[in-house]
$ cat input_12.cif   # mmCIF, N, CA and C atoms
data_start
#
loop_
_atom_site.label_atom_id
_atom_site.label_comp_id
_atom_site.auth_asym_id
_atom_site.auth_seq_id
_atom_site.Cartn_x
_atom_site.Cartn_y
_atom_site.Cartn_z
N MET A 1 172.13 54.30 89.46
CA MET A 1 171.32 55.17 88.64
C MET A 1 170.01 54.45 88.35
N THR A 2 169.18 54.32 89.32
CA THR A 2 167.93 53.59 89.19
C THR A 2 166.99 54.30 88.23
N GLY A 3 166.37 53.51 87.36
CA GLY A 3 165.38 54.04 86.44
C GLY A 3 165.94 54.55 85.13
N ALA A 4 167.27 54.59 85.01
CA ALA A 4 167.85 55.09 83.77
C ALA A 4 167.82 54.00 82.71
N CYS A 5 167.76 54.41 81.48
CA CYS A 5 167.80 53.47 80.37
C CYS A 5 169.24 53.34 79.91
N ILE A 6 169.59 52.15 79.46
CA ILE A 6 170.96 51.91 79.04
C ILE A 6 170.95 51.47 77.59
N GLY A 7 171.84 52.03 76.76
CA GLY A 7 171.99 51.63 75.38
C GLY A 7 173.41 51.20 75.09
N LEU A 8 174.03 50.44 76.01
CA LEU A 8 175.41 50.01 75.85
C LEU A 8 175.48 48.52 75.61
N THR A 9 176.54 48.09 74.97
CA THR A 9 176.78 46.66 74.80
C THR A 9 177.43 46.13 76.06
N LEU A 10 177.62 44.82 76.14
CA LEU A 10 178.24 44.21 77.30
C LEU A 10 179.62 44.78 77.57
N GLY A 11 180.34 45.17 76.54
CA GLY A 11 181.67 45.72 76.72
C GLY A 11 181.67 47.17 77.14
N GLY A 12 180.52 47.81 77.21
CA GLY A 12 180.41 49.18 77.66
C GLY A 12 180.49 50.21 76.54
N ALA A 13 180.70 49.79 75.32
CA ALA A 13 180.76 50.73 74.20
C ALA A 13 179.36 50.90 73.62
N PRO A 14 179.08 52.05 73.03
CA PRO A 14 177.76 52.25 72.43
C PRO A 14 177.48 51.17 71.39
N SER A 15 176.24 50.77 71.31
CA SER A 15 175.84 49.74 70.36
C SER A 15 176.00 50.25 68.94
N THR A 16 176.52 49.38 68.05
CA THR A 16 176.71 49.78 66.67
C THR A 16 175.72 49.12 65.74
N SER A 17 174.84 48.27 66.28
CA SER A 17 173.86 47.61 65.44
C SER A 17 172.73 48.57 65.10
N ALA A 18 172.13 48.34 63.97
CA ALA A 18 171.02 49.21 63.53
C ALA A 18 169.82 48.98 64.42
N ALA A 19 169.22 50.05 64.88
CA ALA A 19 168.05 49.95 65.76
C ALA A 19 166.80 49.83 64.92
N VAL A 20 165.84 49.08 65.41
CA VAL A 20 164.57 48.92 64.74
C VAL A 20 163.74 50.19 64.91
N ALA A 21 163.88 50.83 66.06
CA ALA A 21 163.17 52.07 66.35
C ALA A 21 164.14 52.98 67.11
N PRO A 22 163.84 54.27 67.23
CA PRO A 22 164.75 55.16 67.93
C PRO A 22 165.01 54.67 69.36
N THR A 23 166.25 54.87 69.81
CA THR A 23 166.64 54.49 71.16
C THR A 23 166.00 55.43 72.16
N ALA A 24 165.49 54.86 73.25
CA ALA A 24 164.93 55.69 74.32
C ALA A 24 166.07 56.41 75.01
N ASP A 25 165.90 57.68 75.28
CA ASP A 25 166.90 58.45 76.01
C ASP A 25 166.81 58.12 77.49
N ALA A 26 167.89 58.39 78.21
CA ALA A 26 167.91 58.17 79.66
C ALA A 26 166.73 58.89 80.29
N GLY A 27 166.03 58.20 81.14
CA GLY A 27 164.89 58.80 81.83
C GLY A 27 163.57 58.67 81.10
N THR A 28 163.55 58.16 79.85
CA THR A 28 162.30 58.07 79.13
C THR A 28 161.62 56.71 79.27
N CYS A 29 162.28 55.76 79.91
CA CYS A 29 161.62 54.47 80.15
C CYS A 29 160.49 54.68 81.15
N THR A 30 159.34 54.14 80.81
CA THR A 30 158.19 54.24 81.70
C THR A 30 157.52 52.88 81.79
N PHE A 31 156.48 52.82 82.57
CA PHE A 31 155.69 51.60 82.71
C PHE A 31 154.40 51.71 81.90
N ALA A 32 154.37 52.61 80.90
CA ALA A 32 153.18 52.86 80.09
C ALA A 32 152.87 51.70 79.15
N ASN A 33 151.59 51.45 78.93
CA ASN A 33 151.11 50.43 77.99
C ASN A 33 151.79 49.07 78.18
N PRO A 34 151.76 48.52 79.41
CA PRO A 34 152.50 47.28 79.66
C PRO A 34 151.76 46.03 79.20
N ILE A 35 152.57 45.05 78.82
CA ILE A 35 152.08 43.69 78.59
C ILE A 35 152.97 42.77 79.42
N THR A 36 152.46 41.60 79.72
CA THR A 36 153.30 40.58 80.33
C THR A 36 153.86 39.75 79.18
N ALA A 37 155.14 39.92 78.91
CA ALA A 37 155.77 39.26 77.77
C ALA A 37 156.09 37.80 78.07
N LYS A 38 156.54 37.50 79.27
CA LYS A 38 156.88 36.15 79.70
C LYS A 38 156.58 36.02 81.19
N SER A 39 156.31 34.78 81.63
CA SER A 39 156.08 34.56 83.06
C SER A 39 156.65 33.20 83.46
N ALA A 40 156.89 33.06 84.76
CA ALA A 40 157.41 31.82 85.33
C ALA A 40 157.11 31.84 86.82
N LYS A 41 157.52 30.80 87.51
CA LYS A 41 157.35 30.72 88.96
C LYS A 41 158.64 30.20 89.58
N VAL A 42 158.89 30.61 90.79
CA VAL A 42 159.90 29.98 91.63
C VAL A 42 159.20 29.70 92.95
N ASP A 43 159.00 28.43 93.25
CA ASP A 43 158.19 28.02 94.38
C ASP A 43 156.80 28.66 94.21
N THR A 44 156.34 29.48 95.14
CA THR A 44 155.02 30.10 95.02
C THR A 44 155.08 31.53 94.47
N ILE A 45 156.27 32.01 94.16
CA ILE A 45 156.46 33.38 93.68
C ILE A 45 156.19 33.44 92.18
N ASN A 46 155.36 34.39 91.77
CA ASN A 46 155.07 34.64 90.35
C ASN A 46 156.11 35.62 89.80
N ILE A 47 156.72 35.27 88.68
CA ILE A 47 157.73 36.12 88.03
C ILE A 47 157.15 36.58 86.69
N GLU A 48 157.25 37.87 86.42
CA GLU A 48 156.78 38.40 85.13
C GLU A 48 157.84 39.30 84.52
N LEU A 49 158.03 39.13 83.22
CA LEU A 49 158.78 40.11 82.45
C LEU A 49 157.73 41.02 81.83
N ARG A 50 157.70 42.27 82.27
CA ARG A 50 156.75 43.25 81.76
C ARG A 50 157.43 44.08 80.69
N TYR A 51 156.66 44.54 79.70
CA TYR A 51 157.21 45.26 78.56
C TYR A 51 156.28 46.40 78.18
N SER A 52 156.84 47.59 78.01
CA SER A 52 156.08 48.75 77.56
C SER A 52 156.11 48.80 76.05
N THR A 53 154.95 48.65 75.43
CA THR A 53 154.88 48.68 73.98
C THR A 53 155.13 50.07 73.41
N SER A 54 154.97 51.11 74.23
CA SER A 54 155.18 52.47 73.72
C SER A 54 156.61 52.96 73.88
N THR A 55 157.34 52.52 74.91
CA THR A 55 158.71 53.00 75.11
C THR A 55 159.76 51.92 74.84
N ARG A 56 159.33 50.68 74.56
CA ARG A 56 160.23 49.55 74.29
C ARG A 56 161.17 49.30 75.45
N CYS A 57 160.63 49.44 76.65
CA CYS A 57 161.39 49.19 77.87
C CYS A 57 160.78 48.01 78.61
N ALA A 58 161.59 47.31 79.38
CA ALA A 58 161.11 46.12 80.10
C ALA A 58 161.55 46.18 81.56
N TRP A 59 160.84 45.43 82.39
CA TRP A 59 161.17 45.34 83.81
C TRP A 59 160.68 44.01 84.35
N GLY A 60 161.24 43.62 85.47
CA GLY A 60 160.81 42.40 86.13
C GLY A 60 159.89 42.72 87.28
N ARG A 61 158.91 41.84 87.51
CA ARG A 61 157.98 42.02 88.63
C ARG A 61 157.74 40.67 89.29
N ILE A 62 157.69 40.67 90.62
CA ILE A 62 157.29 39.46 91.35
C ILE A 62 156.08 39.77 92.21
N THR A 63 155.21 38.77 92.31
CA THR A 63 154.04 38.85 93.18
C THR A 63 153.97 37.56 94.00
N ASN A 64 153.16 37.58 95.03
CA ASN A 64 153.03 36.44 95.94
C ASN A 64 154.39 36.11 96.57
N ALA A 65 155.16 37.16 96.84
CA ALA A 65 156.50 37.02 97.40
C ALA A 65 156.50 37.42 98.88
N ARG A 66 157.63 37.26 99.51
CA ARG A 66 157.80 37.63 100.92
C ARG A 66 158.98 38.57 101.07
N ILE A 67 159.04 39.24 102.19
CA ILE A 67 160.14 40.16 102.46
C ILE A 67 161.47 39.41 102.30
N GLY A 68 162.38 40.01 101.55
CA GLY A 68 163.69 39.43 101.29
C GLY A 68 163.80 38.78 99.92
N ASP A 69 162.67 38.41 99.30
CA ASP A 69 162.69 37.84 97.96
C ASP A 69 163.13 38.92 96.97
N ALA A 70 163.79 38.51 95.89
CA ALA A 70 164.36 39.49 94.95
C ALA A 70 163.97 39.18 93.51
N VAL A 71 163.97 40.23 92.70
CA VAL A 71 163.71 40.13 91.25
C VAL A 71 164.75 40.99 90.54
N TRP A 72 165.16 40.55 89.36
CA TRP A 72 166.06 41.33 88.51
C TRP A 72 165.79 40.96 87.06
N THR A 73 166.36 41.74 86.15
CA THR A 73 166.28 41.40 84.73
C THR A 73 167.68 41.16 84.21
N ASP A 74 167.75 40.28 83.22
CA ASP A 74 168.98 40.04 82.47
C ASP A 74 168.73 40.55 81.06
N ARG A 75 169.79 41.12 80.44
CA ARG A 75 169.68 41.61 79.07
C ARG A 75 170.78 40.97 78.24
N SER A 76 170.41 40.43 77.08
CA SER A 76 171.37 39.75 76.21
C SER A 76 171.44 40.44 74.86
N TYR A 77 172.66 40.58 74.37
CA TYR A 77 172.89 41.18 73.06
C TYR A 77 173.24 40.11 72.01
N ASP A 78 173.29 38.83 72.43
CA ASP A 78 173.71 37.77 71.51
C ASP A 78 172.78 36.55 71.55
N GLY A 79 171.49 36.81 71.67
CA GLY A 79 170.52 35.72 71.61
C GLY A 79 170.44 34.86 72.86
N GLY A 80 170.96 35.34 73.99
CA GLY A 80 170.88 34.60 75.24
C GLY A 80 172.11 33.76 75.56
N ARG A 81 173.12 33.78 74.70
CA ARG A 81 174.34 33.02 74.99
C ARG A 81 175.08 33.62 76.18
N THR A 82 175.13 34.95 76.25
CA THR A 82 175.67 35.66 77.41
C THR A 82 174.69 36.76 77.76
N TRP A 83 174.79 37.28 78.97
CA TRP A 83 173.87 38.34 79.39
C TRP A 83 174.49 39.17 80.49
N GLU A 84 173.91 40.35 80.69
CA GLU A 84 174.29 41.20 81.82
C GLU A 84 173.13 41.22 82.80
N LYS A 85 173.45 41.08 84.07
CA LYS A 85 172.43 41.16 85.13
C LYS A 85 172.25 42.63 85.48
N LEU A 86 171.01 43.09 85.39
CA LEU A 86 170.70 44.47 85.74
C LEU A 86 170.33 44.52 87.22
N PRO A 87 170.32 45.71 87.83
CA PRO A 87 170.08 45.83 89.27
C PRO A 87 168.78 45.15 89.73
N GLU A 88 168.85 44.53 90.90
CA GLU A 88 167.71 43.82 91.45
C GLU A 88 166.92 44.70 92.41
N ALA A 89 165.70 44.25 92.67
CA ALA A 89 164.83 44.89 93.66
C ALA A 89 164.39 43.80 94.64
N LYS A 90 164.35 44.14 95.92
CA LYS A 90 163.93 43.19 96.95
C LYS A 90 162.62 43.65 97.56
N VAL A 91 161.81 42.68 97.95
CA VAL A 91 160.57 42.98 98.66
C VAL A 91 160.96 43.47 100.06
N THR A 92 160.53 44.69 100.39
CA THR A 92 160.82 45.25 101.72
C THR A 92 159.56 45.35 102.57
N SER A 93 158.41 45.30 101.93
CA SER A 93 157.12 45.26 102.62
C SER A 93 156.09 44.76 101.62
N GLY A 94 155.01 44.20 102.10
CA GLY A 94 153.99 43.69 101.20
C GLY A 94 154.42 42.38 100.57
N THR A 95 153.86 42.10 99.39
CA THR A 95 154.11 40.81 98.74
C THR A 95 154.54 40.93 97.28
N ASP A 96 154.93 42.13 96.85
CA ASP A 96 155.37 42.29 95.47
C ASP A 96 156.36 43.43 95.34
N THR A 97 157.09 43.42 94.24
CA THR A 97 158.00 44.50 93.91
C THR A 97 158.35 44.39 92.43
N HIS A 98 159.02 45.41 91.90
CA HIS A 98 159.46 45.38 90.50
C HIS A 98 160.78 46.12 90.38
N THR A 99 161.48 45.82 89.30
CA THR A 99 162.74 46.49 89.01
C THR A 99 162.47 47.81 88.31
N ALA A 100 163.54 48.54 88.07
CA ALA A 100 163.44 49.73 87.24
C ALA A 100 163.15 49.29 85.80
N SER A 101 162.55 50.18 85.05
CA SER A 101 162.28 49.93 83.64
C SER A 101 163.54 50.26 82.84
N ARG A 102 163.97 49.33 81.99
CA ARG A 102 165.20 49.49 81.21
C ARG A 102 164.93 49.33 79.73
N TYR A 103 165.63 50.10 78.92
CA TYR A 103 165.45 50.06 77.47
C TYR A 103 165.88 48.70 76.92
N ASN A 104 165.02 48.11 76.10
CA ASN A 104 165.29 46.80 75.51
C ASN A 104 166.09 46.94 74.23
N GLY A 105 165.81 47.90 73.42
CA GLY A 105 166.56 48.16 72.20
C GLY A 105 166.54 47.05 71.18
N GLY A 106 165.51 46.22 71.20
CA GLY A 106 165.45 45.13 70.25
C GLY A 106 166.27 43.92 70.66
N ASN A 107 166.90 43.98 71.83
CA ASN A 107 167.66 42.85 72.34
C ASN A 107 166.75 41.96 73.18
N LEU A 108 167.28 40.88 73.71
CA LEU A 108 166.48 39.98 74.53
C LEU A 108 166.60 40.34 76.00
N MET A 109 165.49 40.16 76.73
CA MET A 109 165.49 40.35 78.17
C MET A 109 164.70 39.23 78.81
N ARG A 110 164.99 38.97 80.08
CA ARG A 110 164.22 38.02 80.87
C ARG A 110 164.20 38.52 82.30
N ALA A 111 163.21 38.07 83.07
CA ALA A 111 163.11 38.41 84.48
C ALA A 111 163.46 37.17 85.30
N CYS A 112 164.17 37.39 86.39
CA CYS A 112 164.58 36.30 87.27
C CYS A 112 164.21 36.66 88.71
N ALA A 113 164.00 35.63 89.52
CA ALA A 113 163.66 35.86 90.92
C ALA A 113 164.38 34.85 91.80
N TRP A 114 164.58 35.26 93.05
CA TRP A 114 165.23 34.44 94.07
C TRP A 114 164.34 34.39 95.29
N ASN A 115 164.05 33.17 95.75
CA ASN A 115 163.26 32.96 96.95
C ASN A 115 164.21 32.95 98.14
N HIS A 116 164.12 33.98 98.97
CA HIS A 116 164.99 34.14 100.13
C HIS A 116 164.87 32.97 101.10
N SER A 117 163.68 32.43 101.26
CA SER A 117 163.44 31.35 102.23
C SER A 117 164.04 30.01 101.80
N THR A 118 163.96 29.69 100.51
CA THR A 118 164.42 28.38 100.04
C THR A 118 165.76 28.42 99.31
N GLY A 119 166.16 29.61 98.86
CA GLY A 119 167.39 29.73 98.08
C GLY A 119 167.19 29.36 96.61
N HIS A 120 165.96 29.01 96.22
CA HIS A 120 165.67 28.66 94.83
C HIS A 120 165.59 29.92 93.97
N ARG A 121 165.97 29.76 92.71
CA ARG A 121 165.83 30.85 91.75
C ARG A 121 165.34 30.30 90.43
N ASN A 122 164.73 31.17 89.64
CA ASN A 122 164.24 30.78 88.33
C ASN A 122 164.11 32.04 87.48
N CYS A 123 164.04 31.85 86.16
CA CYS A 123 163.90 32.96 85.22
C CYS A 123 162.80 32.66 84.22
N THR A 124 162.23 33.71 83.67
CA THR A 124 161.30 33.57 82.56
C THR A 124 162.10 33.21 81.32
N GLY A 125 161.41 32.92 80.24
CA GLY A 125 162.09 32.77 78.97
C GLY A 125 162.53 34.14 78.46
N TRP A 126 163.36 34.15 77.45
CA TRP A 126 163.83 35.39 76.83
C TRP A 126 162.72 35.98 75.96
N TYR A 127 162.68 37.31 75.92
CA TYR A 127 161.72 38.02 75.07
C TYR A 127 162.44 39.18 74.43
#

$ encode --input "input_12.cif" --output "structure tokens"
Amino acid sequence: MTGACIGLTLGGAPSTSAAVAPTADAGTCTFANPITAKSAKVDTINIELRYSTSTRCAWGRITNARIGDAVWTDRSYDGGRTWEKLPEAKVTSGTDTHTASRYNGGNLMRACAWNHSTGHRNCTGWY
């Protein structure tokens, strides 16, 4: 279900914590009003955690990448002690790609990338 927003905890049950703002409904995550919340590198690949200030959704983006390189986001409900890996996107042409936009819900997210050529991986800090 690419592009859908998720408001579930790691156990799959609806979140019971109080939300800071209304939860985005499925399909309302967009790439509107983006900021780069965190960035990192893996070899020569640029990794960015992008965040929409209007929909409170985040996504991972890589640039300066090659075909086969991948990016994904992790989402944590407990301050980064554990996390769920969200679906990844691979570069299929060109030198960049991004994941689907996913609802953050006031939790932490980070973007991670894997260099297909070297096998190296790295992640941004949590945001």

$ residues_around --input "input_12.cif" --residues "Thr53 in chain A" --least-positions-apart "4" --cutoff "6.5 Å" --atoms "only N, CA and C atoms" --output "PyMOL selection string"
chain A and resi 32-35+57

$ resolve_selection --input "input_12.cif" --expression "the PyMOL selection byres (((chain A and resi 40 and name CA) around 9) and name CA)" --output "PyMOL selection string"
chain A and resi 38-39+41-42+45-49+111-112+122-125

$ residues_around --input "input_12.cif" --residues "range 59-61 of chain A" --least-positions-apart "4" --cutoff "7 Å" --atoms "only C-alpha atoms" --output "PyMOL selection string"
chain A and resi 47-51+71-73+97-102+111

$ residues_around --input "input_12.cif" --residues "Asn107 in chain A" --least-positions-apart "3" --cutoff "8 Å" --atoms "only C-alpha atoms" --output "MDAnalysis selection string"
chainID A and resid 75:79 104

$ write_last_selection --input "input_12.cif" --atoms "N, CA and C atoms" --output "compact mmCIF listing (two decimals), in the coordinates of the input"
# COMPACT_ATOMS: atom_id res chain seq x y z
N ARG A 75 169.79 41.12 80.44
CA ARG A 75 169.68 41.61 79.07
C ARG A 75 170.78 40.97 78.24
N SER A 76 170.41 40.43 77.08
CA SER A 76 171.37 39.75 76.21
C SER A 76 171.44 40.44 74.86
N TYR A 77 172.66 40.58 74.37
CA TYR A 77 172.89 41.18 73.06
C TYR A 77 173.24 40.11 72.01
N ASP A 78 173.29 38.83 72.43
CA ASP A 78 173.71 37.77 71.51
C ASP A 78 172.78 36.55 71.55
N GLY A 79 171.49 36.81 71.67
CA GLY A 79 170.52 35.72 71.61
C GLY A 79 170.44 34.86 72.86
N ASN A 104 165.02 48.11 76.10
CA ASN A 104 165.29 46.80 75.51
C ASN A 104 166.09 46.94 74.23

$ atom_distance --input "input_12.cif" --atom1 "CA of Ser93 in chain A" --atom2 "CA of Arg66 in chain A"
7.8 Å
